[in-house]
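Have a look at the structure below before the remarks.
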Amino acid sequence: METKNIDINIQAAIPASRGIGSMVGSLVGQAYHKVESRNTWQGGDQGWDNDNEKIRQGLSTMLIPNRPIKKYMLKDVDIFNACYYSRGAGDSKEVGIAINLHEDSTFDQFFPLNRDIFKLVKSTPDAINDALKGQGDNFFLNPSAVARVINDANRVEVSAVDNLIKALNSIKQNLVTAINENTKKAEKFAKELQETKVETVDFRDILKGEVGAMVKVSTTKGAE
């Protein structure tokens with residue numbers, strides 16, 4: 001039978017952490033939940049940056065919101081293993097429990113044994129909001145609690161989008177009104193010009209002083 005050496009730090013830690021180890025071990029075969037935020041702009045963060053750069057360089061006249069509009073999602077991660085793991089080297093070695101430890105020694109989650117792992121089960125709003133900001137542990141066991149919090153965040157974004165649409169619709173109507181008014185003014189001027197008859201005058205005679213400088217104008221409106 002193959003034998004493996006167990007890190008001495010892990011051997012020392014196991015007796016004092018059996019409760020935590022047992023609790024986390026019982027999660028194998030279940031799933032934990034995490035939150036993700038994504039930029040809804042076409043092309044995501046890269047598309048947002050590219051469009052902003054084009055505008056900055058004067059290569060595009062497109063309109064873009066003054067901040068990314070985010071969407072917040074709940075993601076499930078199956079737990080296929082949970083084991084004691086020692087990370088770091090020398091005096092900085094830290095013993096904890098790794099969730100989903102891979103062959104390349106990477107893992108999905110790592111919890112030091114001095115962390116109160118039992119608090120993770122509660123999935124409190126503060127912890128979820130911290131995860132949305134990229135802070136704290138993005139590890140939750142209560143999907144309903146997580147969904148409530150992140151959907152509230154999504155509703156804030158929906159409200160912001162609705163306000164932006166309302167403002168843009170108002171601006172659009174203002175522009176359409178200006179187009180219509182400009183067209184009417186141009187048509188009115190063209191009609192007045194067409195209906196106005198100016199007697200032929202040789203301006204060279206006016207300059208010579210041989211003809212009075214008065215131009216007689218009549219309109220077809222008043223003609224009988």
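Note on naming: chains are A, B, ... as they come in the structure tokens, residues start from 1 per chain, ligands start from 1 in the order shown.
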Please run DSSP on the backbone and report, as a PyMOL selection string, all residues within segment 84-213 of chain A that come out as helix (DSSP H, G or I).
chain A and resi 90-92+117-122+125-132+143-195+203-208
Using only C-alpha atoms, which residues sit within 12 Å of segment 167-182 of chain A once same-chain residues fewer than 5 positions away are excluded, as a ChimeraX atom specification?
/A:63-65,160-162,187-189
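Remark: for Arg87 of chain A, the closest of the candidate residues A:Glu195, A:Asp7, A:Asp152, A:Asp126 is A:Asp7 (distances computed over only C-alpha atoms).
Separating atom CA of Gly58 of chain A from atom CA of Trp41 of chain A is a distance of 19.9 Å.
Residues in contact with segment 25-37 of chain A at 6 Å, where only C-alpha atoms are counted and same-chain residues fewer than 5 positions away are skipped, are listed as A:Lys71, A:Tyr72, A:Met73, A:Leu74, A:Lys75, A:Asp76, A:Val77, A:Asp78, A:Ile79, A:Phe80, A:Asn81, A:Ala82, A:Asn138, A:Phe139, A:Phe140, A:Leu141.
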Could you pull out the strand (DSSP E or B) residues of segment 34-86 of chain A from DSSP and send them as a count of residues only?
20
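Remark: for Asp130 of chain A, the closest of the candidate residues A:Gly19, A:Ile150, A:Val95, A:Asp51 is A:Ile150 (distances computed over only C-alpha atoms).
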Which neighbours of Gln11 of chain A fall inside 12 Å, counting only C-alpha atoms, when residues of the same chain fewer than 3 positions from it are skipped, and could you give them as a PDB file with N, CA and C atoms, in the first residue's frame?
```pdb
ATOM      1  N   ASN A   5       3.792  10.897   3.315  1.00  0.00           N
ATOM      2  CA  ASN A   5       4.194  11.642   4.501  1.00  0.00           C
ATOM      3  C   ASN A   5       3.195  12.775   4.731  1.00  0.00           C
ATOM      4  N   ILE A   6       2.799  12.935   5.961  1.00  0.00           N
ATOM      5  CA  ILE A   6       1.889  14.024   6.303  1.00  0.00           C
ATOM      6  C   ILE A   6       2.694  15.157   6.917  1.00  0.00           C
ATOM      7  N   ASP A   7       2.440  16.369   6.447  1.00  0.00           N
ATOM      8  CA  ASP A   7       3.144  17.542   6.956  1.00  0.00           C
ATOM      9  C   ASP A   7       3.021  17.577   8.474  1.00  0.00           C
ATOM     10  N   ILE A   8       4.141  17.826   9.136  1.00  0.00           N
ATOM     11  CA  ILE A   8       4.156  17.835  10.603  1.00  0.00           C
ATOM     12  C   ILE A   8       3.242  18.911  11.168  1.00  0.00           C
ATOM     13  N   ILE A  14      -4.437  18.709  13.505  1.00  0.00           N
ATOM     14  CA  ILE A  14      -5.632  17.874  13.415  1.00  0.00           C
ATOM     15  C   ILE A  14      -6.334  17.675  14.765  1.00  0.00           C
ATOM     16  N   PRO A  15      -5.636  17.299  15.840  1.00  0.00           N
ATOM     17  CA  PRO A  15      -6.349  17.043  17.097  1.00  0.00           C
ATOM     18  C   PRO A  15      -7.155  18.233  17.597  1.00  0.00           C
ATOM     19  N   ALA A  16      -6.683  19.431  17.342  1.00  0.00           N
ATOM     20  CA  ALA A  16      -7.373  20.618  17.864  1.00  0.00           C
ATOM     21  C   ALA A  16      -8.440  21.142  16.909  1.00  0.00           C
ATOM     22  N   SER A  17      -8.609  20.482  15.767  1.00  0.00           N
ATOM     23  CA  SER A  17      -9.544  21.030  14.780  1.00  0.00           C
ATOM     24  C   SER A  17     -10.470  19.959  14.208  1.00  0.00           C
ATOM     25  N   ARG A  18     -10.706  18.913  14.978  1.00  0.00           N
ATOM     26  CA  ARG A  18     -11.529  17.821  14.459  1.00  0.00           C
ATOM     27  C   ARG A  18     -12.963  18.285  14.150  1.00  0.00           C
ATOM     28  N   TYR A  84      -7.103  18.773   4.775  1.00  0.00           N
ATOM     29  CA  TYR A  84      -6.111  19.619   5.427  1.00  0.00           C
ATOM     30  C   TYR A  84      -5.015  19.933   4.414  1.00  0.00           C
ATOM     31  N   TYR A  85      -4.535  21.170   4.477  1.00  0.00           N
ATOM     32  CA  TYR A  85      -3.499  21.566   3.510  1.00  0.00           C
ATOM     33  C   TYR A  85      -2.608  22.608   4.165  1.00  0.00           C
ATOM     34  N   SER A  86      -1.331  22.519   3.892  1.00  0.00           N
ATOM     35  CA  SER A  86      -0.363  23.466   4.428  1.00  0.00           C
ATOM     36  C   SER A  86       0.200  24.283   3.282  1.00  0.00           C
ATOM     37  N   VAL A  95      -1.559  26.321   8.088  1.00  0.00           N
ATOM     38  CA  VAL A  95      -2.363  25.106   7.958  1.00  0.00           C
ATOM     39  C   VAL A  95      -3.832  25.496   7.906  1.00  0.00           C
ATOM     40  N   GLY A  96      -4.536  24.877   7.000  1.00  0.00           N
ATOM     41  CA  GLY A  96      -5.957  25.133   6.889  1.00  0.00           C
ATOM     42  C   GLY A  96      -6.638  24.005   6.151  1.00  0.00           C
TER      43      GLY A  96
END
```
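Omitting Thr40 of chain A and its sequence neighbours fewer than 3 positions away, and counting only C-alpha atoms, the residues within 10 Å are Ser37, Gly43, Gly44, Asp45, Gly47, Trp48, Pro68, Ile69, Lys70, Lys71 and Tyr72 of chain A.
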re atom CA of Cys83 of chain A and atom CA of Ala98 of chain A: distance 5.5 Å
Val149 of chain A environment, 9 Å, only C-alpha atoms, sequence neighbours closer than 3 positions dropped, as a JSON list (two decimals) with N, CA and C atoms, in the first residue's frame:
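What landed in result-v7.json:
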```json
[["chain", "number", "residue", "atom", "x", "y", "z"],
["A", 125, "PRO", "N", -25.88, 39.14, 5.08],
["A", 125, "PRO", "CA", -25.87, 40.18, 4.04],
["A", 125, "PRO", "C", -24.55, 40.94, 3.97],
["A", 128, "ILE", "N", -22.02, 38.85, 2.17],
["A", 128, "ILE", "CA", -22.35, 38.76, 0.74],
["A", 128, "ILE", "C", -21.99, 40.07, 0.04],
["A", 129, "ASN", "N", -22.32, 41.18, 0.67],
["A", 129, "ASN", "CA", -21.98, 42.48, 0.08],
["A", 129, "ASN", "C", -20.47, 42.67, -0.01],
["A", 144, "SER", "N", -30.42, 30.88, -1.04],
["A", 144, "SER", "CA", -31.58, 31.79, -0.97],
["A", 144, "SER", "C", -31.17, 33.15, -0.40],
["A", 145, "ALA", "N", -30.34, 33.11, 0.66],
["A", 145, "ALA", "CA", -29.87, 34.37, 1.26],
["A", 145, "ALA", "C", -29.01, 35.15, 0.28],
["A", 146, "VAL", "N", -28.15, 34.43, -0.44],
["A", 146, "VAL", "CA", -27.28, 35.09, -1.42],
["A", 146, "VAL", "C", -28.11, 35.70, -2.54],
["A", 152, "ASP", "N", -31.14, 42.35, -4.90],
["A", 152, "ASP", "CA", -31.31, 43.75, -4.49],
["A", 152, "ASP", "C", -30.30, 44.63, -5.21],
["A", 153, "ALA", "N", -29.07, 44.13, -5.33],
["A", 153, "ALA", "CA", -28.05, 44.89, -6.05],
["A", 153, "ALA", "C", -28.41, 45.01, -7.53],
["A", 154, "ASN", "N", -28.96, 43.94, -8.11],
["A", 154, "ASN", "CA", -29.40, 44.00, -9.50],
["A", 154, "ASN", "C", -30.53, 45.00, -9.69]]
```
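The two atoms in question, atom CA of Gly134 of chain A and atom CA of Asn66 of chain A, are spaced 21.3 Å apart.
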